[in-house]
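Everything below belongs to start_8.pdb, which stores PDB, C-alpha atoms and all ligand atoms.
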```pdb
MODEL        1
ATOM      1  CA  MET A1084       0.000   0.000   0.000  1.00  0.00           C
ATOM      2  CA  LEU A1085       1.239   3.459  -0.883  1.00  0.00           C
ATOM      3  CA  LEU A1086      -0.374   6.664   0.360  1.00  0.00           C
ATOM      4  CA  GLY A1087       0.136  10.130  -1.083  1.00  0.00           C
ATOM      5  CA  VAL A1088       0.188  13.404   0.827  1.00  0.00           C
ATOM      6  CA  LEU A1089      -0.624  16.567  -1.121  1.00  0.00           C
ATOM      7  CA  ALA A1090       2.505  18.697  -0.776  1.00  0.00           C
ATOM      8  CA  LEU A1091       1.745  22.094  -2.312  1.00  0.00           C
ATOM      9  CA  GLN A1092       1.456  23.974   0.996  1.00  0.00           C
ATOM     10  CA  GLY A1093       0.835  23.018   4.628  1.00  0.00           C
ATOM     11  CA  ASP A1094       2.237  20.378   6.941  1.00  0.00           C
ATOM     12  CA  SER A1095       2.683  17.509   4.477  1.00  0.00           C
ATOM     13  CA  ARG A1096       5.991  16.393   6.032  1.00  0.00           C
ATOM     14  CA  GLU A1097       4.357  15.750   9.415  1.00  0.00           C
ATOM     15  CA  HIS A1098       1.708  13.537   7.758  1.00  0.00           C
ATOM     16  CA  ILE A1099       4.329  11.580   5.797  1.00  0.00           C
ATOM     17  CA  HIS A1100       6.299  11.100   9.027  1.00  0.00           C
ATOM     18  CA  LEU A1101       3.204   9.951  10.941  1.00  0.00           C
ATOM     19  CA  LEU A1102       2.265   7.456   8.198  1.00  0.00           C
ATOM     20  CA  GLU A1103       5.813   6.089   8.196  1.00  0.00           C
ATOM     21  CA  THR A1104       5.701   5.590  11.980  1.00  0.00           C
ATOM     22  CA  LEU A1105       2.565   3.507  11.302  1.00  0.00           C
ATOM     23  CA  ASP A1106       4.582   1.425   8.787  1.00  0.00           C
ATOM     24  CA  VAL A1107       2.826   2.826   5.749  1.00  0.00           C
ATOM     25  CA  ALA A1108       4.846   4.061   2.781  1.00  0.00           C
ATOM     26  CA  ALA A1109       3.947   7.625   1.840  1.00  0.00           C
ATOM     27  CA  VAL A1110       5.003   9.979  -0.943  1.00  0.00           C
ATOM     28  CA  ALA A1111       4.548  13.683  -1.605  1.00  0.00           C
ATOM     29  CA  VAL A1112       1.998  14.444  -4.336  1.00  0.00           C
ATOM     30  CA  ARG A1113       2.800  17.487  -6.473  1.00  0.00           C
ATOM     31  CA  ASP A1114       1.389  16.655  -9.877  1.00  0.00           C
ATOM     32  CA  ALA A1115      -1.347  14.608 -11.503  1.00  0.00           C
ATOM     33  CA  ALA A1116       1.025  11.765 -12.469  1.00  0.00           C
ATOM     34  CA  ASP A1117       1.761  11.165  -8.762  1.00  0.00           C
ATOM     35  CA  LEU A1118      -1.909  10.214  -8.246  1.00  0.00           C
ATOM     36  CA  SER A1119      -1.698   7.151 -10.469  1.00  0.00           C
ATOM     37  CA  ALA A1120       0.697   5.357  -8.074  1.00  0.00           C
ATOM     38  CA  ILE A1121      -1.200   5.851  -4.794  1.00  0.00           C
ATOM     39  CA  ASP A1122      -3.986   3.961  -3.020  1.00  0.00           C
ATOM     40  CA  GLY A1123      -5.221   6.931  -0.992  1.00  0.00           C
ATOM     41  CA  LEU A1124      -4.520  10.632  -0.544  1.00  0.00           C
ATOM     42  CA  VAL A1125      -4.092  12.854   2.530  1.00  0.00           C
ATOM     43  CA  ILE A1126      -4.761  16.579   2.147  1.00  0.00           C
ATOM     44  CA  PRO A1127      -2.981  18.305   5.033  1.00  0.00           C
ATOM     45  CA  GLY A1128      -3.798  21.407   7.036  1.00  0.00           C
ATOM     46  CA  GLY A1129      -2.364  24.720   5.955  1.00  0.00           C
ATOM     47  CA  GLU A1130      -4.272  27.491   4.261  1.00  0.00           C
ATOM     48  CA  SER A1131      -7.166  26.366   2.072  1.00  0.00           C
ATOM     49  CA  THR A1132      -7.190  29.582   0.003  1.00  0.00           C
ATOM     50  CA  THR A1133      -3.519  29.089  -0.910  1.00  0.00           C
ATOM     51  CA  ILE A1134      -3.853  25.346  -1.505  1.00  0.00           C
ATOM     52  CA  SER A1135      -6.793  25.941  -3.819  1.00  0.00           C
ATOM     53  CA  LYS A1136      -4.855  28.502  -5.902  1.00  0.00           C
ATOM     54  CA  LEU A1137      -1.909  26.097  -6.121  1.00  0.00           C
ATOM     55  CA  LEU A1138      -4.223  23.218  -7.154  1.00  0.00           C
ATOM     56  CA  GLU A1139      -5.269  25.350 -10.123  1.00  0.00           C
ATOM     57  CA  ILE A1140      -1.719  26.474 -10.955  1.00  0.00           C
ATOM     58  CA  PHE A1141      -0.379  22.901 -10.813  1.00  0.00           C
ATOM     59  CA  ASP A1142      -3.379  21.535 -12.815  1.00  0.00           C
ATOM     60  CA  LEU A1143      -4.332  19.278  -9.932  1.00  0.00           C
ATOM     61  CA  LEU A1144      -7.862  20.458  -9.169  1.00  0.00           C
ATOM     62  CA  ASP A1145      -9.737  18.299 -11.682  1.00  0.00           C
ATOM     63  CA  PRO A1146      -7.458  15.241 -11.285  1.00  0.00           C
ATOM     64  CA  ILE A1147      -7.987  15.319  -7.495  1.00  0.00           C
ATOM     65  CA  ARG A1148     -11.723  15.894  -7.952  1.00  0.00           C
ATOM     66  CA  SER A1149     -11.927  12.732 -10.038  1.00  0.00           C
ATOM     67  CA  PHE A1150      -9.638  10.788  -7.656  1.00  0.00           C
ATOM     68  CA  ALA A1151     -11.896  11.809  -4.724  1.00  0.00           C
ATOM     69  CA  LYS A1152     -15.013  10.514  -6.500  1.00  0.00           C
ATOM     70  CA  THR A1153     -14.008   6.896  -5.854  1.00  0.00           C
ATOM     71  CA  ARG A1154     -10.659   6.654  -4.039  1.00  0.00           C
ATOM     72  CA  PRO A1155      -9.944   7.169  -0.317  1.00  0.00           C
ATOM     73  CA  VAL A1156      -9.102  10.749   0.684  1.00  0.00           C
ATOM     74  CA  LEU A1157      -8.489  12.149   4.178  1.00  0.00           C
ATOM     75  CA  GLY A1158      -8.568  15.936   4.630  1.00  0.00           C
ATOM     76  CA  THR A1159      -7.496  17.578   7.868  1.00  0.00           C
ATOM     77  CA  CYS A1160      -8.303  21.208   8.677  1.00  0.00           C
ATOM     78  CA  ALA A1161      -7.667  23.086   5.385  1.00  0.00           C
ATOM     79  CA  GLY A1162      -8.025  19.643   3.754  1.00  0.00           C
ATOM     80  CA  LEU A1163     -11.467  19.243   5.351  1.00  0.00           C
ATOM     81  CA  ILE A1164     -12.480  22.662   3.984  1.00  0.00           C
ATOM     82  CA  LEU A1165     -11.369  21.683   0.474  1.00  0.00           C
ATOM     83  CA  LEU A1166     -13.335  18.409   0.602  1.00  0.00           C
ATOM     84  CA  SER A1167     -16.552  20.103   1.841  1.00  0.00           C
ATOM     85  CA  ASP A1168     -19.526  20.448  -0.481  1.00  0.00           C
ATOM     86  CA  GLU A1169     -20.289  23.824   1.083  1.00  0.00           C
ATOM     87  CA  VAL A1170     -18.111  26.293   3.007  1.00  0.00           C
ATOM     88  CA  GLU A1171     -18.966  29.372   5.058  1.00  0.00           C
ATOM     89  CA  GLY A1172     -16.390  32.128   4.726  1.00  0.00           C
ATOM     90  CA  LEU A1173     -15.102  30.935   1.366  1.00  0.00           C
ATOM     91  CA  LEU A1174     -12.923  33.523  -0.378  1.00  0.00           C
ATOM     92  CA  GLN A1175     -14.408  34.815  -3.633  1.00  0.00           C
ATOM     93  CA  GLY A1176     -13.325  32.528  -6.459  1.00  0.00           C
ATOM     94  CA  GLN A1177     -11.916  29.902  -4.073  1.00  0.00           C
ATOM     95  CA  GLN A1178     -12.310  26.477  -5.659  1.00  0.00           C
ATOM     96  CA  LEU A1179     -13.215  23.361  -3.689  1.00  0.00           C
ATOM     97  CA  ILE A1180     -12.634  19.677  -4.379  1.00  0.00           C
ATOM     98  CA  GLY A1181     -15.973  18.821  -2.747  1.00  0.00           C
ATOM     99  CA  GLY A1182     -17.627  15.443  -2.258  1.00  0.00           C
ATOM    100  CA  LEU A1183     -18.021  15.484   1.530  1.00  0.00           C
ATOM    101  CA  PRO A1184     -21.677  16.347   2.232  1.00  0.00           C
ATOM    102  CA  ILE A1185     -21.056  18.852   5.039  1.00  0.00           C
ATOM    103  CA  ILE A1186     -21.087  22.586   5.544  1.00  0.00           C
ATOM    104  CA  SER A1187     -17.802  23.682   7.094  1.00  0.00           C
ATOM    105  CA  SER A1188     -17.162  27.120   8.501  1.00  0.00           C
ATOM    106  CA  ARG A1189     -13.637  28.491   8.080  1.00  0.00           C
ATOM    107  CA  ASN A1190     -11.836  29.706  11.224  1.00  0.00           C
ATOM    108  CA  ALA A1191     -14.980  29.097  13.309  1.00  0.00           C
ATOM    109  CA  TYR A1192     -12.947  27.788  16.285  1.00  0.00           C
ATOM    110  CA  GLY A1193     -11.081  31.138  16.266  1.00  0.00           C
ATOM    111  CA  GLY A1194      -8.036  32.708  14.615  1.00  0.00           C
ATOM    112  CA  GLN A1195      -4.360  31.866  15.101  1.00  0.00           C
ATOM    113  CA  LEU A1196      -4.224  33.320  18.645  1.00  0.00           C
ATOM    114  CA  ASN A1197      -7.171  31.174  19.685  1.00  0.00           C
ATOM    115  CA  SER A1198      -5.508  27.942  18.543  1.00  0.00           C
ATOM    116  CA  PHE A1199      -5.732  25.265  21.210  1.00  0.00           C
ATOM    117  CA  GLU A1200      -5.145  21.625  22.071  1.00  0.00           C
ATOM    118  CA  ALA A1201      -8.059  19.525  23.276  1.00  0.00           C
ATOM    119  CA  THR A1202      -9.119  15.953  23.894  1.00  0.00           C
ATOM    120  CA  VAL A1203     -11.480  14.566  21.283  1.00  0.00           C
ATOM    121  CA  THR A1204     -13.462  11.346  21.653  1.00  0.00           C
ATOM    122  CA  PHE A1205     -13.616   8.856  18.794  1.00  0.00           C
ATOM    123  CA  SER A1206     -16.762   6.787  18.226  1.00  0.00           C
ATOM    124  CA  SER A1207     -14.818   3.747  19.510  1.00  0.00           C
ATOM    125  CA  GLY A1208     -14.590   5.571  22.855  1.00  0.00           C
ATOM    126  CA  GLU A1209     -10.871   6.242  22.435  1.00  0.00           C
ATOM    127  CA  GLU A1210      -9.721   9.719  23.520  1.00  0.00           C
ATOM    128  CA  GLU A1211      -6.851  11.646  21.999  1.00  0.00           C
ATOM    129  CA  ASN A1212      -5.167  15.015  22.446  1.00  0.00           C
ATOM    130  CA  VAL A1213      -5.149  16.973  19.155  1.00  0.00           C
ATOM    131  CA  ALA A1214      -4.495  20.530  17.929  1.00  0.00           C
ATOM    132  CA  PHE A1215      -7.061  22.998  16.568  1.00  0.00           C
ATOM    133  CA  ILE A1216      -5.353  25.736  14.535  1.00  0.00           C
ATOM    134  CA  ARG A1217      -7.611  28.328  12.846  1.00  0.00           C
ATOM    135  CA  ALA A1218      -9.850  25.318  12.671  1.00  0.00           C
ATOM    136  CA  PRO A1219     -13.093  24.967  10.743  1.00  0.00           C
ATOM    137  CA  LYS A1220     -16.322  23.856  12.392  1.00  0.00           C
ATOM    138  CA  ILE A1221     -18.469  21.166  10.831  1.00  0.00           C
ATOM    139  CA  LEU A1222     -21.906  22.803  10.837  1.00  0.00           C
ATOM    140  CA  ASP A1223     -24.001  20.052   9.343  1.00  0.00           C
ATOM    141  CA  SER A1224     -22.854  16.464   9.698  1.00  0.00           C
ATOM    142  CA  ASP A1225     -26.286  14.810   9.341  1.00  0.00           C
ATOM    143  CA  SER A1226     -25.423  13.071   6.063  1.00  0.00           C
ATOM    144  CA  THR A1227     -22.155  11.628   7.383  1.00  0.00           C
ATOM    145  CA  GLU A1228     -20.846   9.131   9.915  1.00  0.00           C
ATOM    146  CA  VAL A1229     -19.375  11.098  12.829  1.00  0.00           C
ATOM    147  CA  ILE A1230     -16.063   9.521  13.857  1.00  0.00           C
ATOM    148  CA  ALA A1231     -14.900  11.994  16.509  1.00  0.00           C
ATOM    149  CA  ARG A1232     -16.453  14.668  18.688  1.00  0.00           C
ATOM    150  CA  LEU A1233     -15.263  17.564  20.824  1.00  0.00           C
ATOM    151  CA  GLY A1234     -17.953  17.729  23.480  1.00  0.00           C
ATOM    152  CA  ASP A1235     -21.171  17.532  21.446  1.00  0.00           C
ATOM    153  CA  GLU A1236     -19.668  18.855  18.222  1.00  0.00           C
ATOM    154  CA  ALA A1237     -18.673  16.632  15.322  1.00  0.00           C
ATOM    155  CA  VAL A1238     -14.975  17.236  14.540  1.00  0.00           C
ATOM    156  CA  ALA A1239     -14.237  14.242  12.291  1.00  0.00           C
ATOM    157  CA  VAL A1240     -16.595  12.645   9.789  1.00  0.00           C
ATOM    158  CA  ARG A1241     -16.686  10.079   7.019  1.00  0.00           C
ATOM    159  CA  SER A1242     -18.887   9.755   3.989  1.00  0.00           C
ATOM    160  CA  ASN A1243     -18.150   6.752   1.776  1.00  0.00           C
ATOM    161  CA  ASN A1244     -14.513   7.081   0.655  1.00  0.00           C
ATOM    162  CA  LEU A1245     -13.971  10.573   2.111  1.00  0.00           C
ATOM    163  CA  PHE A1246     -12.704  11.310   5.636  1.00  0.00           C
ATOM    164  CA  GLY A1247     -12.403  14.812   7.103  1.00  0.00           C
ATOM    165  CA  ALA A1248     -11.299  16.280  10.431  1.00  0.00           C
ATOM    166  CA  SER A1249     -11.249  19.832  11.819  1.00  0.00           C
ATOM    167  CA  PHE A1250      -8.073  19.171  13.785  1.00  0.00           C
ATOM    168  CA  HIS A1251      -4.400  18.279  13.336  1.00  0.00           C
ATOM    169  CA  PRO A1252      -3.646  14.875  14.910  1.00  0.00           C
ATOM    170  CA  GLU A1253      -0.175  14.801  13.329  1.00  0.00           C
ATOM    171  CA  LEU A1254       1.092  17.690  15.499  1.00  0.00           C
ATOM    172  CA  THR A1255       0.379  16.031  18.851  1.00  0.00           C
ATOM    173  CA  GLY A1256       1.264  12.458  17.911  1.00  0.00           C
ATOM    174  CA  GLY A1257      -2.387  11.402  17.515  1.00  0.00           C
ATOM    175  CA  THR A1258      -2.630   8.242  15.418  1.00  0.00           C
ATOM    176  CA  HIS A1259      -6.261   7.167  15.669  1.00  0.00           C
ATOM    177  CA  LEU A1260      -7.645   9.043  12.650  1.00  0.00           C
ATOM    178  CA  HIS A1261      -4.804   7.891  10.385  1.00  0.00           C
ATOM    179  CA  LYS A1262      -5.226   4.289  11.589  1.00  0.00           C
ATOM    180  CA  LEU A1263      -8.941   4.387  10.684  1.00  0.00           C
ATOM    181  CA  PHE A1264      -8.051   5.785   7.275  1.00  0.00           C
ATOM    182  CA  ILE A1265      -5.325   3.173   6.684  1.00  0.00           C
ATOM    183  CA  GLU A1266      -7.755   0.374   7.644  1.00  0.00           C
ATOM    184  CA  PHE A1267     -10.261   1.753   5.136  1.00  0.00           C
ATOM    185  CA  VAL A1268      -7.641   1.935   2.370  1.00  0.00           C
ATOM    186  CA  LYS A1269      -6.632  -1.676   3.107  1.00  0.00           C
ATOM    187  CA  GLU A1270     -10.291  -2.775   2.862  1.00  0.00           C
ATOM    188  CA  THR A1271     -10.787  -1.006  -0.466  1.00  0.00           C
ATOM    189  CA  LYS A1272      -7.637  -2.674  -1.819  1.00  0.00           C
ATOM    190  CA  SER A1273      -8.618  -6.198  -0.816  1.00  0.00           C
TER     191      SER A1273
HETATM  192  N1  LIG B1301      -8.348  28.347   8.488  1.00  0.00           N
HETATM  193  C1  LIG B1301      -7.508  27.710   7.534  1.00  0.00           C
HETATM  194  C2  LIG B1301      -8.137  27.776   6.143  1.00  0.00           C
HETATM  195  O1  LIG B1301      -9.093  28.372   5.910  1.00  0.00           O
HETATM  196  C3  LIG B1301      -7.241  26.254   7.892  1.00  0.00           C
HETATM  197  C4  LIG B1301      -6.298  26.184   9.056  1.00  0.00           C
HETATM  198  C5  LIG B1301      -5.500  24.909   9.147  1.00  0.00           C
HETATM  199  O2  LIG B1301      -5.452  24.107   8.219  1.00  0.00           O
HETATM  200  N2  LIG B1301      -4.843  24.748  10.255  1.00  0.00           N
HETATM  201  O3  LIG B1301      -7.628  27.136   5.276  1.00  0.00           O
ENDMDL
END
```
If you took the structure in this file and wrote it as structure tokens, what would it be?
Ligand code: GLN
Amino acid sequence: MLLGVLALQGDSREHIHLLETLDVAAVAVRDAADLSAIDGLVIPGGESTTISKLLEIFDLLDPIRSFAKTRPVLGTCAGLILLSDEVEGLLQGQQLIGGLPIISSRNAYGGQLNSFEATVTFSSGEEENVAFIRAPKILDSDSTEVIARLGDEAVAVRSNNLFGASFHPELTGGTHLHKLFIEFVKETKS
């Protein structure tokens, strides 16, 4: 199994490192040809407005849109925003990949100075400390499976082949979300 991590902007290196500590080979994805070799894609946190401009510049927007129609994709933070079908606070002209049937609200957990670490609870009951950095809220998760919550609020969801989380597990050593994603990729391969 080989996973790709979109590496145009954001913390792609941390995701590659985390996947490697879980014994999964991972490569940086920078152009459409890179997509043909991978079994699943991680879209890291960073700045969704910048990532979306770079997706257009590097001719990756449509290839990733078609990849995300059937193949496993995990988006964290800015990655979650890009996978959302609808976004509050979208910059004019900002393009989305879409496919995840949620409304996400950019920066709704606060700006950079309000970034925080918190314990989220996965649906398995497992708890994990993760980082929220200019994080988006998931406003409507009714059409998805909620896989983690912060208090009552959904902060990680799945719909078919698409996984999204408001937080950064890779910055605090959280592994649970990536393990769920890896399990799913293995199932789709077998
Ligand atoms: N608020 C950022 C955005 O709109 C996301 C922040 C992050 O990925 N840590 O893209």
_At most 8 Å from ligand LIG 1301 (chain B) (only C-alpha atoms and all ligand atoms): residue list as a list in words_ = Gly1093, Pro1127, Gly1128, Gly1129, Glu1130, Ser1131, Thr1132, Thr1133, Ile1134, Thr1159, Cys1160, Ala1161, Gly1162, Ile1164, Leu1173, Arg1189, Asn1190, Gly1194, Phe1215, Ile1216, Arg1217, Ala1218, Pro1219, Phe1250 and His1251 of chain A
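Matched in the shown structure by the PyMOL selection byres (((chain A and resi 1099) around 9) and not hetatm): A:Leu1086, A:Gly1087, A:Val1088, A:Ser1095, A:Arg1096, A:Glu1097, A:His1098, A:His1100, A:Leu1101, A:Leu1102, A:Glu1103, A:Thr1104, A:Val1107, A:Ala1108, A:Ala1109, A:Val1110, A:Ala1111.
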*Name the closest residue to Leu1245 in chain A among the candidates A:Leu1163, A:Val1203, A:Leu1222, A:Leu1157; distances are taken between atoms, counting only C-alpha atoms.*
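So, comparing all the options, the nearest one is A:Leu1157.
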*What gap, in Å, lies between CA of Val1112 in chain A and CA of Gly1247 in chain A?*
18.4 Å
Go through the shown structure with the PyMOL selection byres (((chain A and resi 1226) around 8) and not hetatm) and write out the matching residues as a PDB file with C-alpha atoms, keeping the file's coordinate frame.
```pdb
ATOM      1  CA  PRO A1184     -21.677  16.347   2.232  1.00  0.00           C
ATOM      2  CA  ILE A1185     -21.056  18.852   5.039  1.00  0.00           C
ATOM      3  CA  ASP A1223     -24.001  20.052   9.343  1.00  0.00           C
ATOM      4  CA  SER A1224     -22.854  16.464   9.698  1.00  0.00           C
ATOM      5  CA  ASP A1225     -26.286  14.810   9.341  1.00  0.00           C
ATOM      6  CA  THR A1227     -22.155  11.628   7.383  1.00  0.00           C
ATOM      7  CA  GLU A1228     -20.846   9.131   9.915  1.00  0.00           C
ATOM      8  CA  SER A1242     -18.887   9.755   3.989  1.00  0.00           C
TER       9      SER A1242
END
```
Can range 1194-1215 of chain A be brought up to N, CA and C atoms and written out as a compact mmCIF listing (two decimals), in the coordinates of the input?
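Written output follows (result.txt):
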```txt
# COMPACT_ATOMS: atom_id res chain seq x y z
N GLY A 1194 -9.22 32.44 15.43
CA GLY A 1194 -8.04 32.71 14.62
C GLY A 1194 -6.79 32.09 15.23
N GLN A 1195 -5.63 32.47 14.68
CA GLN A 1195 -4.36 31.87 15.10
C GLN A 1195 -4.15 31.96 16.62
N LEU A 1196 -4.47 33.13 17.21
CA LEU A 1196 -4.22 33.32 18.64
C LEU A 1196 -5.14 32.46 19.51
N ASN A 1197 -6.24 32.03 18.93
CA ASN A 1197 -7.17 31.17 19.68
C ASN A 1197 -6.94 29.69 19.41
N SER A 1198 -5.80 29.36 18.79
CA SER A 1198 -5.51 27.94 18.54
C SER A 1198 -5.37 27.23 19.89
N PHE A 1199 -5.75 25.97 19.93
CA PHE A 1199 -5.73 25.26 21.21
C PHE A 1199 -5.56 23.76 21.00
N GLU A 1200 -5.16 23.09 22.08
CA GLU A 1200 -5.14 21.62 22.07
C GLU A 1200 -6.32 21.15 22.91
N ALA A 1201 -6.91 20.04 22.53
CA ALA A 1201 -8.06 19.52 23.28
C ALA A 1201 -8.14 18.02 23.08
N THR A 1202 -8.91 17.40 23.98
CA THR A 1202 -9.12 15.95 23.89
C THR A 1202 -10.41 15.68 23.14
N VAL A 1203 -10.29 14.95 22.05
CA VAL A 1203 -11.48 14.57 21.28
C VAL A 1203 -11.78 13.09 21.57
N THR A 1204 -13.04 12.72 21.39
CA THR A 1204 -13.46 11.35 21.65
C THR A 1204 -13.90 10.70 20.35
N PHE A 1205 -13.24 9.59 20.01
CA PHE A 1205 -13.62 8.86 18.79
C PHE A 1205 -14.83 7.97 19.08
N SER A 1206 -15.53 7.57 18.03
CA SER A 1206 -16.76 6.79 18.23
C SER A 1206 -16.47 5.45 18.90
N SER A 1207 -15.21 4.97 18.80
CA SER A 1207 -14.82 3.75 19.51
C SER A 1207 -14.69 3.99 21.01
N GLY A 1208 -14.75 5.25 21.44
CA GLY A 1208 -14.59 5.57 22.86
C GLY A 1208 -13.18 6.05 23.18
N GLU A 1209 -12.26 5.84 22.24
CA GLU A 1209 -10.87 6.24 22.44
C GLU A 1209 -10.74 7.78 22.49
N GLU A 1210 -9.91 8.27 23.41
CA GLU A 1210 -9.72 9.72 23.52
C GLU A 1210 -8.31 10.08 23.08
N GLU A 1211 -8.16 11.25 22.51
CA GLU A 1211 -6.85 11.65 22.00
C GLU A 1211 -6.69 13.16 22.07
N ASN A 1212 -5.46 13.59 22.40
CA ASN A 1212 -5.17 15.02 22.45
C ASN A 1212 -4.75 15.48 21.04
N VAL A 1213 -5.43 16.50 20.52
CA VAL A 1213 -5.15 16.97 19.16
C VAL A 1213 -5.11 18.50 19.14
N ALA A 1214 -4.63 19.07 18.03
CA ALA A 1214 -4.50 20.53 17.93
C ALA A 1214 -5.53 21.12 16.97
N PHE A 1215 -6.12 22.23 17.41
CA PHE A 1215 -7.06 23.00 16.57
C PHE A 1215 -6.39 24.32 16.23
```
